[in-house]
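*Asks:* The structure file work06.csv (CSV, C-alpha atoms and all ligand atoms) is provided below.
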chain,number,residue,atom,x,y,z
A,425,MET,CA,-59.1,282.9,-70.9
A,426,ASN,CA,-61.7,283.4,-73.7
A,427,VAL,CA,-65.3,282.4,-72.8
A,428,HIS,CA,-67.8,282.1,-75.6
A,429,ALA,CA,-71.5,281.7,-74.9
A,430,ASP,CA,-73.9,279.6,-77.1
A,431,TYR,CA,-71.0,278.3,-79.1
A,432,SER,CA,-71.6,275.9,-82.0
A,433,ILE,CA,-69.1,273.0,-82.1
A,434,SER,CA,-70.1,271.6,-85.4
A,435,LYS,CA,-66.6,272.0,-86.8
A,436,LEU,CA,-65.0,270.6,-83.6
A,437,ASN,CA,-66.4,267.0,-83.8
A,438,THR,CA,-65.8,264.6,-86.7
A,439,PHE,CA,-69.5,263.6,-86.9
A,440,GLY,CA,-70.0,267.3,-87.6
A,441,VAL,CA,-73.1,267.4,-85.3
A,442,ASP,CA,-74.3,271.0,-84.9
A,443,ILE,CA,-74.9,271.4,-81.1
A,444,LYS,CA,-74.2,274.5,-79.0
A,445,ALA,CA,-72.2,274.6,-75.8
A,446,LYS,CA,-73.8,277.0,-73.2
A,447,TYR,CA,-70.1,278.1,-72.6
A,448,PHE,CA,-67.1,277.2,-74.6
A,449,VAL,CA,-63.6,277.7,-73.2
A,450,GLU,CA,-60.4,277.2,-75.2
A,451,ILE,CA,-57.5,276.0,-73.0
A,452,SER,CA,-54.3,277.2,-74.8
A,453,LYS,CA,-52.0,277.5,-71.8
A,454,GLU,CA,-52.0,276.2,-68.2
A,455,GLN,CA,-53.0,279.6,-66.9
A,456,ASP,CA,-56.3,279.3,-68.8
A,457,LEU,CA,-57.0,276.2,-66.7
A,458,VAL,CA,-56.1,278.0,-63.5
A,459,ASP,CA,-58.4,281.0,-64.5
A,460,PHE,CA,-61.2,278.6,-65.3
A,461,LEU,CA,-60.9,276.8,-62.0
A,462,GLY,CA,-60.9,280.2,-60.3
A,463,ASP,CA,-64.2,281.1,-61.8
A,464,GLU,CA,-66.8,279.8,-59.3
A,465,ASN,CA,-69.7,280.3,-61.7
A,466,LEU,CA,-68.2,278.4,-64.6
A,467,ARG,CA,-66.8,275.5,-62.6
A,468,SER,CA,-70.1,274.9,-60.9
A,469,LEU,CA,-71.6,273.9,-64.3
A,470,PRO,CA,-71.4,270.5,-65.9
A,471,MET,CA,-68.1,270.2,-67.9
A,472,PHE,CA,-66.9,268.2,-70.9
A,473,ILE,CA,-63.3,267.9,-72.0
A,474,LEU,CA,-62.9,268.0,-75.7
A,475,GLY,CA,-59.9,267.2,-77.8
A,476,GLY,CA,-60.4,266.7,-81.6
A,477,GLY,CA,-64.0,265.4,-81.2
A,478,SER,CA,-63.1,262.3,-83.2
A,479,ASN,CA,-64.4,259.9,-80.6
A,480,THR,CA,-67.4,261.8,-79.3
A,481,LEU,CA,-71.1,261.9,-80.3
A,482,PHE,CA,-73.1,264.9,-79.0
A,483,ILE,CA,-76.9,264.4,-79.0
A,484,ASN,CA,-78.2,267.6,-77.6
A,485,ASP,CA,-77.0,271.2,-76.8
A,486,PHE,CA,-74.5,271.0,-73.9
A,487,ASP,CA,-75.9,272.8,-70.9
A,488,GLY,CA,-72.5,273.5,-69.3
A,489,VAL,CA,-68.9,274.2,-70.3
A,490,ILE,CA,-67.0,272.5,-73.1
A,491,LEU,CA,-63.3,272.9,-72.4
A,492,ARG,CA,-61.3,272.5,-75.6
A,493,ILE,CA,-57.8,271.4,-74.9
A,494,ASN,CA,-55.3,273.2,-77.2
A,495,LEU,CA,-52.1,272.8,-75.1
A,496,LEU,CA,-49.2,272.5,-77.5
A,497,GLY,CA,-45.5,271.8,-77.4
A,498,LYS,CA,-42.9,269.0,-77.5
A,499,GLU,CA,-39.9,268.6,-75.3
A,500,ILE,CA,-37.2,266.0,-75.3
A,501,ILE,CA,-36.8,264.9,-71.7
A,502,SER,CA,-34.0,262.4,-72.0
A,503,GLU,CA,-32.1,260.4,-74.5
A,504,ASP,CA,-29.7,257.5,-74.5
A,505,GLU,CA,-28.2,255.2,-77.2
A,506,ASP,CA,-31.4,253.2,-77.6
A,507,THR,CA,-34.3,255.4,-76.6
A,508,LEU,CA,-35.7,259.0,-76.4
A,509,ILE,CA,-38.4,260.2,-74.1
A,510,VAL,CA,-40.5,263.1,-75.4
A,511,GLU,CA,-43.2,265.1,-73.5
A,512,VAL,CA,-46.0,266.3,-75.7
A,513,GLY,CA,-48.8,268.8,-75.1
A,514,ALA,CA,-52.2,267.2,-74.8
A,515,GLY,CA,-53.6,269.4,-77.6
A,516,GLU,CA,-51.0,268.4,-80.2
A,517,ASP,CA,-52.5,266.7,-83.2
A,518,TRP,CA,-51.9,262.9,-82.9
A,519,PRO,CA,-51.2,262.2,-86.6
A,520,GLN,CA,-48.7,265.1,-86.8
A,521,PHE,CA,-47.0,263.8,-83.7
A,522,VAL,CA,-46.6,260.4,-85.4
A,523,ASN,CA,-45.2,262.1,-88.4
A,524,TRP,CA,-42.7,264.0,-86.3
A,525,VAL,CA,-41.6,260.7,-84.6
A,526,VAL,CA,-41.0,258.8,-87.8
A,527,GLU,CA,-39.3,261.8,-89.4
A,528,GLN,CA,-36.6,261.5,-86.6
A,529,GLY,CA,-36.2,257.8,-87.5
A,530,LEU,CA,-37.8,256.8,-84.2
A,531,SER,CA,-40.3,254.0,-83.8
A,532,GLY,CA,-43.0,252.8,-81.4
A,533,VAL,CA,-46.1,254.6,-82.8
A,534,GLU,CA,-45.7,254.1,-86.6
A,535,ASN,CA,-48.7,251.7,-86.8
A,536,LEU,CA,-50.8,254.4,-85.2
A,537,ALA,CA,-50.3,256.8,-88.1
A,538,TYR,CA,-53.1,258.8,-89.7
A,539,MET,CA,-55.5,258.3,-86.7
A,540,PRO,CA,-57.5,261.5,-86.0
A,541,GLY,CA,-57.4,263.1,-82.6
A,542,THR,CA,-55.2,264.8,-80.0
A,543,VAL,CA,-52.3,263.4,-78.0
A,544,GLY,CA,-54.2,264.0,-74.7
A,545,ALA,CA,-57.1,261.8,-75.8
A,546,ALA,CA,-54.8,258.9,-76.9
A,547,PRO,CA,-54.3,257.4,-73.4
A,548,VAL,CA,-58.0,258.0,-72.4
A,549,GLN,CA,-59.2,255.3,-74.7
A,550,ASN,CA,-55.8,253.7,-75.2
A,551,ILE,CA,-55.8,254.0,-78.9
A,552,ALA,CA,-54.6,251.1,-80.9
A,553,ALA,CA,-54.4,249.9,-84.5
A,554,TYR,CA,-52.6,247.2,-86.5
A,555,GLY,CA,-51.2,245.4,-83.5
A,556,GLN,CA,-49.8,248.5,-81.8
A,557,THR,CA,-51.2,250.5,-78.9
A,558,GLN,CA,-50.2,253.8,-77.4
A,559,ALA,CA,-49.6,251.9,-74.2
A,560,ASP,CA,-46.5,250.3,-75.8
A,561,THR,CA,-44.6,253.5,-75.7
A,562,PHE,CA,-46.5,255.4,-73.0
A,563,VAL,CA,-44.5,256.5,-69.9
A,564,SER,CA,-46.8,258.9,-68.0
A,565,VAL,CA,-49.3,261.7,-68.1
A,566,GLU,CA,-49.4,265.0,-66.3
A,567,ALA,CA,-53.0,265.9,-65.4
A,568,MET,CA,-54.8,268.7,-63.5
A,569,SER,CA,-57.7,267.9,-61.2
A,570,LEU,CA,-60.9,269.7,-62.1
A,571,LYS,CA,-61.9,269.5,-58.5
A,572,ASP,CA,-59.1,271.3,-56.8
A,573,GLY,CA,-56.6,272.3,-59.5
A,574,SER,CA,-53.9,270.1,-58.2
A,575,LYS,CA,-51.4,268.5,-60.6
A,576,LYS,CA,-50.7,264.8,-60.6
A,577,ILE,CA,-48.5,262.5,-62.6
A,578,PHE,CA,-50.0,259.1,-63.5
A,579,THR,CA,-47.6,256.3,-64.4
A,580,LYS,CA,-48.4,253.6,-66.9
A,581,ASP,CA,-49.5,251.2,-64.0
A,582,GLN,CA,-51.7,253.9,-62.5
A,583,CYS,CA,-53.5,254.5,-65.8
A,584,LYS,CA,-54.7,250.8,-65.8
A,585,PHE,CA,-54.9,250.5,-69.6
A,586,GLU,CA,-57.2,248.0,-71.0
A,587,TYR,CA,-58.7,247.3,-74.5
A,588,ARG,CA,-59.8,250.9,-75.6
A,589,SER,CA,-60.0,252.0,-72.0
A,590,SER,CA,-58.1,253.5,-69.1
A,591,ILE,CA,-58.7,255.0,-65.6
A,592,PHE,CA,-59.6,258.3,-67.4
A,593,LYS,CA,-62.5,256.6,-69.2
A,594,ARG,CA,-63.7,254.7,-66.1
A,595,GLU,CA,-63.0,255.5,-62.4
A,596,LEU,CA,-61.7,259.1,-63.1
A,597,ALA,CA,-63.9,260.0,-66.1
A,598,GLY,CA,-64.1,263.8,-66.3
A,599,ASP,CA,-62.1,264.3,-63.1
A,600,TYR,CA,-58.8,265.2,-64.7
A,601,ILE,CA,-57.6,267.1,-67.7
A,602,ILE,CA,-54.6,265.5,-69.2
A,603,THR,CA,-52.1,268.3,-70.0
A,604,LYS,CA,-49.0,266.5,-71.1
A,605,VAL,CA,-48.1,262.9,-72.2
A,606,ARG,CA,-44.6,261.3,-72.2
A,607,PHE,CA,-43.7,258.5,-74.6
A,608,GLU,CA,-40.5,256.4,-74.8
A,609,LEU,CA,-39.5,256.0,-78.5
A,610,SER,CA,-37.0,253.5,-79.8
A,611,LYS,CA,-33.9,254.2,-81.9
A,612,ASP,CA,-33.7,250.5,-82.9
A,613,PRO,CA,-37.0,249.8,-84.8
A,614,GLN,CA,-38.6,246.5,-84.3
A,615,PHE,CA,-41.6,246.6,-86.6
A,616,ASP,CA,-44.8,244.6,-86.2
A,617,THR,CA,-46.4,244.4,-89.6
A,618,ASN,CA,-48.1,241.0,-89.1
A,619,TYR,CA,-51.6,242.4,-88.7
A,620,HIS,CA,-54.0,240.7,-91.0
A,621,SER,CA,-57.7,239.9,-91.2
A,622,ARG,CA,-59.9,237.8,-93.4
A,623,TYR,CA,-59.6,240.6,-96.0
A,624,SER,CA,-56.2,240.3,-97.8
A,625,TYR,CA,-56.3,244.1,-98.5
A,626,GLU,CA,-55.9,244.6,-94.8
A,627,SER,CA,-52.5,243.0,-94.7
A,628,LEU,CA,-50.1,245.7,-93.5
A,629,GLN,CA,-47.1,243.7,-94.7
A,630,LYS,CA,-48.6,243.7,-98.2
A,631,TRP,CA,-49.0,247.5,-98.2
A,632,LEU,CA,-45.5,247.9,-96.9
A,633,THR,CA,-43.9,245.6,-99.5
A,634,GLU,CA,-45.8,247.4,-102.3
A,635,SER,CA,-44.9,250.9,-101.1
A,636,ALA,CA,-41.2,250.7,-99.9
A,637,THR,CA,-38.0,248.7,-100.2
A,638,PRO,CA,-36.1,247.1,-97.3
A,639,PRO,CA,-34.5,247.9,-95.0
A,640,TYR,CA,-37.7,249.5,-93.9
A,641,LYS,CA,-37.6,252.7,-91.9
A,642,PRO,CA,-40.3,253.8,-89.4
A,643,LYS,CA,-41.5,256.3,-92.0
A,644,ASP,CA,-42.1,253.5,-94.5
A,645,VAL,CA,-44.3,251.7,-92.1
A,646,ALA,CA,-46.3,254.9,-91.2
A,647,ASN,CA,-46.8,255.5,-94.9
A,648,ALA,CA,-48.0,252.0,-95.5
A,649,VAL,CA,-50.5,252.3,-92.6
A,650,THR,CA,-51.6,255.7,-94.0
A,651,LYS,CA,-52.3,254.2,-97.4
A,652,LEU,CA,-54.1,251.2,-95.9
A,653,ARG,CA,-56.3,253.5,-93.7
A,654,GLN,CA,-57.0,255.8,-96.6
A,655,PHE,CA,-58.2,252.8,-98.6
A,656,LYS,CA,-60.2,251.1,-95.9
A,657,LEU,CA,-61.6,253.9,-93.8
A,658,PRO,CA,-63.9,256.9,-94.6
A,659,ASP,CA,-62.2,260.3,-95.0
A,660,VAL,CA,-63.5,262.7,-92.4
A,661,LYS,CA,-63.3,265.4,-95.0
A,662,ASP,CA,-66.1,263.7,-96.9
A,663,TRP,CA,-68.2,262.1,-94.2
A,664,GLY,CA,-69.1,262.5,-90.6
A,665,CYS,CA,-67.4,259.6,-88.8
A,666,CYS,CA,-65.8,258.6,-85.5
A,667,GLY,CA,-64.0,255.4,-86.7
A,668,SER,CA,-65.3,252.2,-85.2
A,669,PHE,CA,-68.6,252.9,-83.4
A,670,PHE,CA,-68.6,249.8,-81.3
A,671,LEU,CA,-66.0,247.8,-79.3
A,672,ASN,CA,-65.3,244.3,-80.3
A,673,PRO,CA,-67.3,242.2,-77.9
A,674,PHE,CA,-65.9,239.6,-75.5
A,675,VAL,CA,-67.8,236.3,-75.3
A,676,THR,CA,-67.3,232.9,-73.6
A,677,VAL,CA,-65.8,230.1,-75.7
A,678,GLU,CA,-69.1,228.3,-75.4
A,679,LYS,CA,-70.9,231.3,-76.9
A,680,PHE,CA,-68.3,231.6,-79.6
A,681,LYS,CA,-68.9,228.0,-80.6
A,682,GLU,CA,-72.6,228.7,-80.8
A,683,LEU,CA,-71.9,231.7,-83.1
A,684,GLN,CA,-69.6,229.7,-85.3
A,685,GLU,CA,-72.6,227.5,-86.2
A,686,LYS,CA,-74.3,230.6,-87.6
A,687,ILE,CA,-71.3,232.5,-89.1
A,688,ASP,CA,-68.8,231.0,-91.4
A,689,GLU,CA,-65.1,231.4,-90.5
A,690,LEU,CA,-65.9,233.8,-87.6
A,691,GLN,CA,-62.5,235.0,-86.3
A,692,PHE,CA,-61.6,235.3,-82.7
A,693,TYR,CA,-58.7,236.6,-80.6
A,694,PRO,CA,-57.9,234.6,-77.5
A,695,VAL,CA,-57.9,236.8,-74.4
A,696,THR,CA,-54.8,235.0,-73.1
A,697,GLU,CA,-52.8,236.5,-76.0
A,698,MET,CA,-53.9,240.0,-75.3
A,699,GLU,CA,-51.8,242.1,-73.0
A,700,TYR,CA,-54.6,243.8,-71.3
A,701,ASP,CA,-56.4,242.7,-68.2
A,702,ARG,CA,-59.9,243.2,-67.1
A,703,ILE,CA,-61.2,242.8,-63.5
A,704,ASP,CA,-64.4,241.3,-64.7
A,705,TRP,CA,-62.6,238.5,-66.6
A,706,HIS,CA,-61.2,236.9,-63.5
A,707,ASP,CA,-64.4,235.2,-62.2
A,708,THR,CA,-64.8,233.1,-65.3
A,709,GLY,CA,-61.0,232.7,-66.1
A,710,LYS,CA,-59.5,234.5,-69.0
A,711,GLU,CA,-58.9,231.4,-71.0
A,712,GLN,CA,-62.6,230.9,-71.4
A,713,ILE,CA,-63.2,234.2,-73.1
A,714,VAL,CA,-62.5,235.4,-76.6
A,715,LYS,CA,-62.8,238.7,-78.4
A,716,ILE,CA,-64.8,238.6,-81.7
A,717,PRO,CA,-65.0,241.2,-84.5
A,718,ALA,CA,-68.2,243.3,-84.1
A,719,GLY,CA,-67.9,244.4,-87.7
A,720,ARG,CA,-68.3,240.8,-88.9
A,721,LEU,CA,-71.5,240.4,-86.9
A,722,LEU,CA,-72.9,243.6,-88.4
A,723,ASP,CA,-71.7,242.6,-91.9
A,724,GLU,CA,-73.6,239.3,-91.6
A,725,LEU,CA,-76.7,241.2,-90.8
A,726,GLY,CA,-76.5,243.4,-93.9
A,727,TRP,CA,-75.4,246.7,-92.2
A,728,LYS,CA,-72.4,247.3,-94.5
A,729,GLY,CA,-73.3,250.1,-96.9
A,730,LYS,CA,-76.9,250.4,-95.5
A,731,TRP,CA,-78.4,253.9,-95.1
A,732,ILE,CA,-81.3,255.2,-93.1
A,733,GLY,CA,-81.8,258.9,-93.8
A,734,ASN,CA,-78.6,260.8,-93.3
A,735,VAL,CA,-76.8,258.0,-91.5
A,736,GLY,CA,-75.1,254.9,-93.0
A,737,THR,CA,-72.4,252.4,-92.7
A,738,PHE,CA,-69.2,252.6,-94.7
A,739,GLU,CA,-69.1,250.1,-97.6
A,740,ARG,CA,-65.7,248.7,-96.7
A,741,HIS,CA,-66.1,248.6,-92.9
A,742,ALA,CA,-69.3,247.7,-91.1
A,743,LEU,CA,-68.2,249.2,-87.8
A,744,CYS,CA,-67.7,252.7,-89.3
A,745,VAL,CA,-70.9,254.6,-89.1
A,746,ILE,CA,-70.8,257.5,-91.5
A,747,THR,CA,-73.1,260.5,-91.9
A,748,LYS,CA,-74.1,263.3,-94.2
A,749,LYS,CA,-73.6,266.8,-92.9
A,750,GLU,CA,-77.3,267.2,-92.1
A,751,ALA,CA,-77.3,264.3,-89.6
A,752,SER,CA,-78.4,265.2,-86.1
A,753,GLY,CA,-76.9,263.5,-83.0
A,754,LYS,CA,-80.3,261.9,-82.3
A,755,GLU,CA,-80.5,260.4,-85.9
A,756,ILE,CA,-77.0,258.9,-85.4
A,757,LEU,CA,-77.9,257.5,-82.0
A,758,ASP,CA,-81.1,255.9,-83.4
A,759,TYR,CA,-79.2,254.3,-86.2
A,760,THR,CA,-76.6,252.8,-83.8
A,761,GLU,CA,-79.3,251.6,-81.4
A,762,ALA,CA,-80.9,249.8,-84.4
A,763,MET,CA,-77.5,248.2,-85.1
A,764,LYS,CA,-77.2,247.1,-81.5
A,765,LYS,CA,-80.7,245.7,-81.4
A,766,SER,CA,-80.3,243.6,-84.6
A,767,VAL,CA,-77.0,242.0,-83.2
A,768,MET,CA,-78.7,241.3,-79.9
A,769,ASP,CA,-81.8,239.8,-81.6
A,770,ALA,CA,-79.8,237.7,-84.1
A,771,TYR,CA,-76.9,236.6,-81.9
A,772,GLY,CA,-77.6,237.5,-78.3
A,773,VAL,CA,-74.4,239.6,-78.2
A,774,GLU,CA,-74.4,243.0,-76.6
A,775,LEU,CA,-72.5,245.7,-78.6
A,776,ILE,CA,-71.0,248.5,-76.4
A,777,SER,CA,-70.3,251.9,-77.9
A,778,GLU,CA,-66.6,252.8,-78.3
A,779,VAL,CA,-67.6,256.3,-79.1
A,780,ARG,CA,-68.3,258.6,-76.1
A,781,VAL,CA,-72.0,259.5,-76.3
A,782,VAL,CA,-72.8,262.8,-74.6
A,783,LYS,CA,-76.5,263.2,-74.0
A,784,SER,CA,-77.0,266.5,-72.2
B,1,LIG,C1,-61.7,257.9,-89.3
B,1,LIG,C2,-61.4,257.5,-87.9
B,1,LIG,C3,-60.6,256.4,-87.6
B,1,LIG,C4,-60.3,256.0,-86.3
B,1,LIG,N1,-59.6,254.9,-86.1
B,1,LIG,C5,-59.2,254.5,-84.8
B,1,LIG,C6,-58.4,253.4,-84.6
B,1,LIG,O1,-57.9,252.7,-85.5
B,1,LIG,N2,-58.1,253.1,-83.3
B,1,LIG,C7,-58.5,253.8,-82.3
B,1,LIG,O2,-58.2,253.5,-81.1
B,1,LIG,N3,-59.3,254.9,-82.4
B,1,LIG,C8,-59.7,255.3,-83.7
B,1,LIG,N4,-60.5,256.4,-83.9
B,1,LIG,C9,-61.0,257.1,-82.7
B,1,LIG,C10,-60.1,258.4,-82.4
B,1,LIG,O3,-59.2,258.6,-83.4
B,1,LIG,C11,-59.4,258.2,-81.1
B,1,LIG,O4,-60.3,257.8,-80.1
B,1,LIG,C12,-58.8,259.5,-80.6
B,1,LIG,O5,-57.9,259.3,-79.6
B,1,LIG,C13,-59.8,260.6,-80.2
B,1,LIG,O6,-59.1,261.8,-80.0
B,1,LIG,P1,-59.9,263.2,-79.8
B,1,LIG,O7,-58.9,264.2,-79.4
B,1,LIG,O8,-60.6,263.5,-81.1
B,1,LIG,O9,-60.9,262.8,-78.7
B,1,LIG,P2,-62.3,263.4,-78.3
B,1,LIG,O10,-63.4,262.8,-79.1
B,1,LIG,O11,-62.2,264.9,-78.3
B,1,LIG,O12,-62.4,262.9,-76.8
B,1,LIG,C14,-62.5,261.5,-76.5
B,1,LIG,C15,-62.6,261.3,-75.0
B,1,LIG,O13,-61.3,261.7,-74.4
B,1,LIG,C16,-61.6,262.8,-73.4
B,1,LIG,N5,-60.5,263.7,-73.5
B,1,LIG,C17,-60.0,264.3,-74.7
B,1,LIG,N6,-58.9,265.1,-74.4
B,1,LIG,C18,-58.7,264.9,-73.1
B,1,LIG,C19,-57.7,265.5,-72.2
B,1,LIG,N7,-56.8,266.3,-72.6
B,1,LIG,N8,-57.8,265.2,-70.9
B,1,LIG,C20,-58.8,264.3,-70.4
B,1,LIG,N9,-59.7,263.8,-71.2
B,1,LIG,C21,-59.7,264.1,-72.5
B,1,LIG,C22,-62.9,263.4,-73.8
B,1,LIG,O14,-63.6,263.9,-72.7
B,1,LIG,C23,-63.7,262.1,-74.4
B,1,LIG,O15,-64.2,261.4,-73.3
B,1,LIG,C24,-60.8,256.8,-85.2
B,1,LIG,C25,-61.6,257.9,-85.5
B,1,LIG,C26,-61.9,258.3,-86.8
B,1,LIG,C27,-62.7,259.5,-87.0
If you convert what's in this file into structure tokens, what do you get?
Ligand SMILES: Cc1cc2nc3c(=O)[nH]c(=O)nc-3n(C[C@H](O)[C@H](O)[C@H](O)COP(=O)(O)OP(=O)(O)OC[C@H]3O[C@@H](n4cnc5c(N)ncnc54)[C@H](O)[C@@H]3O)c2cc1C
*Replies:*
Amino acid sequence: MNVHADYSISKLNTFGVDIKAKYFVEISKEQDLVDFLGDENLRSLPMFILGGGSNTLFINDFDGVILRINLLGKEIISEDEDTLIVEVGAGEDWPQFVNWVVEQGLSGVENLAYMPGTVGAAPVQNIAAYGQTQADTFVSVEAMSLKDGSKKIFTKDQCKFEYRSSIFKRELAGDYIITKVRFELSKDPQFDTNYHSRYSYESLQKWLTESATPPYKPKDVANAVTKLRQFKLPDVKDWGCCGSFFLNPFVTVEKFKELQEKIDELQFYPVTEMEYDRIDWHDTGKEQIVKIPAGRLLDELGWKGKWIGNVGTFERHALCVITKKEASGKEILDYTEAMKKSVMDAYGVELISEVRVVKS
């Protein structure tokens, strides 16, 4: 186990924020974790588990240990006529994993192509894009307790996936390090390319039709998703960015009708058509709640393309906060707080950060 003191992680988070970890430990094999947990001094400090840093905003130097998960490897666990189960190291690069899957002609994660991050972080916030989520193919994770070093398998039910959330982001946040993830992939592709929005350029089917000829293969869909994302989203090589900064909010149907009076053709997604459940929806009844696009609210309020100092919003996507390399975590936080306040003042809707904000 290599321990670095006062270690800058500016290249290890996609906002490029230059903060230092008091201690930085790279976990490249399970023994590193065992050694770390055996070090009483280190494990008594605050800890943060870091994957690719593409969903995390650091505000200050971290007065504890940042554990960078770099556990690699892929193993085929079982296979039959229709499916294949693969176990993947948590530190594997997610987009490379998707490329590997589609290269084998397998499907289930093709709509999640070209999304930055690690395999281990995918179940934490239950990544999703273009109508597909990692939960669709997820089987289980193997995780190690940071409290006592015990290993535990969490099945899909136990992970309690919700919209951009799981037990690892809520009840057990920071308690377990995910070391391996299993996915069940299909040999008989059933593509879902129906994703659309009010912007026709976001039609996945259109990008697919223009870039490939039927019968489509998983690779064709992944390529179309990649092209669409390259067009629509900022490139993290050019800008600091963590994708969508805010979650799409849930509002009551009554509130939605009030918003429709102010915003033309405001879209909504009925909660009853979403496969995720949330405990707090049950009091009001799910059918009375809808999900609305946060980007549209921000767009209406003039945030798209707006810059304050080193922080701005991407011109094609009002939910994507982008930064110049000089931007500090505090500047980014101030900008996003101003976005939140303007939405609250104008529409009475609370925006909740999708990005994990680490303040100490
Ligand atoms: C340009 C861009 C576009 C994006 N588009 C999308 C999108 O379409 N859909 C979407 O869902 N997300 C999107 N994201 C967000 C991001 O890709 C995902 O959240 C990704 O899963 C983050 O992976 P990471 O390894 O970088 O996570 P990190 O930022 O390193 O960590 C995220 C969280 O997971 C925890 N964590 C990380 N690894 C582990 C582990 N091994 N064990 C336990 N906890 C862990 C961390 O402590 C932290 O709380 C986008 C990001 C960018 C930059």
*Asks:* Please provide as a PyMOL selection string all residues within 9 Å of range 639-655 of chain A, with the sequence filter that same-chain residues fewer than 6 positions apart are discarded (counting all atoms listed in the file).
*Replies:* chain A and resi 522-523+525-539+554+613+615+617+625-633+740
*Asks:* So what do you get for CA of Arg780 in chain A versus atom O1 of ligand LIG 1 (chain B), distance-wise?
*Replies:*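 Taking CA of Arg780 in chain A and atom O1 of ligand LIG 1 (chain B), their separation equals 15.2 Å.
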*Asks:* Compare A:Val675, A:Ala514, A:Leu775, A:Leu469 by their minimum atom-to-atom distance to ligand LIG 1 (chain B), counting all atoms listed in the file, and give me the closest one.
*Replies:* A:Ala514
*Asks:* Counting all atoms listed in the file, which residues sit no farther than 9 Å from the position (-61.4, 235.6, -85.5) in the file's frame? I'd like them as a tab-separated table (two decimals) with C-alpha atoms, keeping the file's coordinate frame.
*Replies:*
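Done, and the output landed in selection-v9.tsv:
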chain	number	residue	atom	x	y	z
A	621	SER	CA	-57.70	239.90	-91.20
A	622	ARG	CA	-59.90	237.80	-93.40
A	689	GLU	CA	-65.10	231.40	-90.50
A	690	LEU	CA	-65.90	233.80	-87.60
A	691	GLN	CA	-62.50	235.00	-86.30
A	692	PHE	CA	-61.60	235.30	-82.70
A	693	TYR	CA	-58.70	236.60	-80.60
A	694	PRO	CA	-57.90	234.60	-77.50
A	714	VAL	CA	-62.50	235.40	-76.60
A	715	LYS	CA	-62.80	238.70	-78.40
A	716	ILE	CA	-64.80	238.60	-81.70
A	717	PRO	CA	-65.00	241.20	-84.50
*Asks:* So what do you get for CA of Ser610 in chain A versus atom O6 of ligand LIG 1 (chain B), distance-wise?
*Replies:*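 Atom O6 of ligand LIG 1 (chain B) lies 23.6 Å from CA of Ser610 in chain A.
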*Asks:* Pick out the residues sitting within 12 Å of range 760-767 of chain A, and hand them over as a ChimeraX atom specification; count only C-alpha atoms, and ignore anything fewer than 4 positions along from it in its own chain.
*Replies:* /A:481,668-671,673,683,718-728,730-732,735-737,742-747,753-756,771-779,781
*Asks:* Considering all atoms listed in the file, return as a list in words whatever protein or nucleic-acid residues lie within 10 Å of Ser452 in chain A, sequence-local ones (same chain, fewer than 4 positions apart) excluded.
*Replies:*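 Near Ser452 in chain A, the qualifying residues are Met425, Asn426, Asp456, Leu457, Arg492, Ile493, Asn494, Leu495, Leu496 and Gly515 of chain A.
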*Asks:* Fewer than 6 positions away in the same chain doesn't count, so skip those; otherwise give me all residues within 10 Å of Ser502 in chain A, counting all atoms listed in the file, as a list in words.
*Replies:*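 Returned residues: Leu508, Ile509, Val510, Glu511 and Glu608 of chain A.
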*Asks:* Measuring between all atoms listed in the file, which one of A:Ser478, A:Asn484, A:Asn550, A:Ser574 shows the shortest distance to Ile591 in chain A?
*Replies:*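 Between A:Ser478, A:Asn484, A:Asn550, A:Ser574, the residue approaching Ile591 in chain A most closely is A:Asn550.
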*Asks:* Ranking A:Ser434, A:Ile443, A:Tyr619, A:Phe680 by minimum distance to Ala553 in chain A and counting all atoms listed in the file, which one comes first?
*Replies:*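 Under the stated criterion, the closest residue is A:Tyr619.
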*Asks:* Nearest residue to Thr603 in chain A out of A:Ser752, A:Ser432, A:Gln455, A:Ser635, using only C-alpha atoms?
*Replies:*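 The shortest atom-to-atom distance to Thr603 in chain A comes from A:Gln455.
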*Asks:* Ranking A:Leu491, A:Leu474, A:Ile500, A:Leu596 by minimum distance to ligand LIG 1 (chain B) and counting all atoms listed in the file, which one comes first?
*Replies:* A:Leu474
*Asks:* Counting only C-alpha atoms and all ligand atoms, which residue out of A:Gln614, A:Asn479, A:Thr561, A:Gln684 sits closest to ligand LIG 1 (chain B)?
*Replies:*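 Smallest distance to ligand LIG 1 (chain B) is found for A:Asn479.
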*Asks:* Which polymer residues have any atom within 10 Å of an atom of Asp485 in chain A, counting all atoms listed in the file, with same-chain residues fewer than 3 positions away left out, as number ranges by chain?
*Replies:* A: 430-433, 442-446, 482, 488, 753, 782-784
*Asks:* If I take CA of Asp769 in chain A and atom C7 of ligand LIG 1 (chain B), how far is one from the other in Å, to one decimal?
*Replies:*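 Value for the CA of Asp769 in chain A-atom C7 of ligand LIG 1 (chain B) distance: 27.2 Å.
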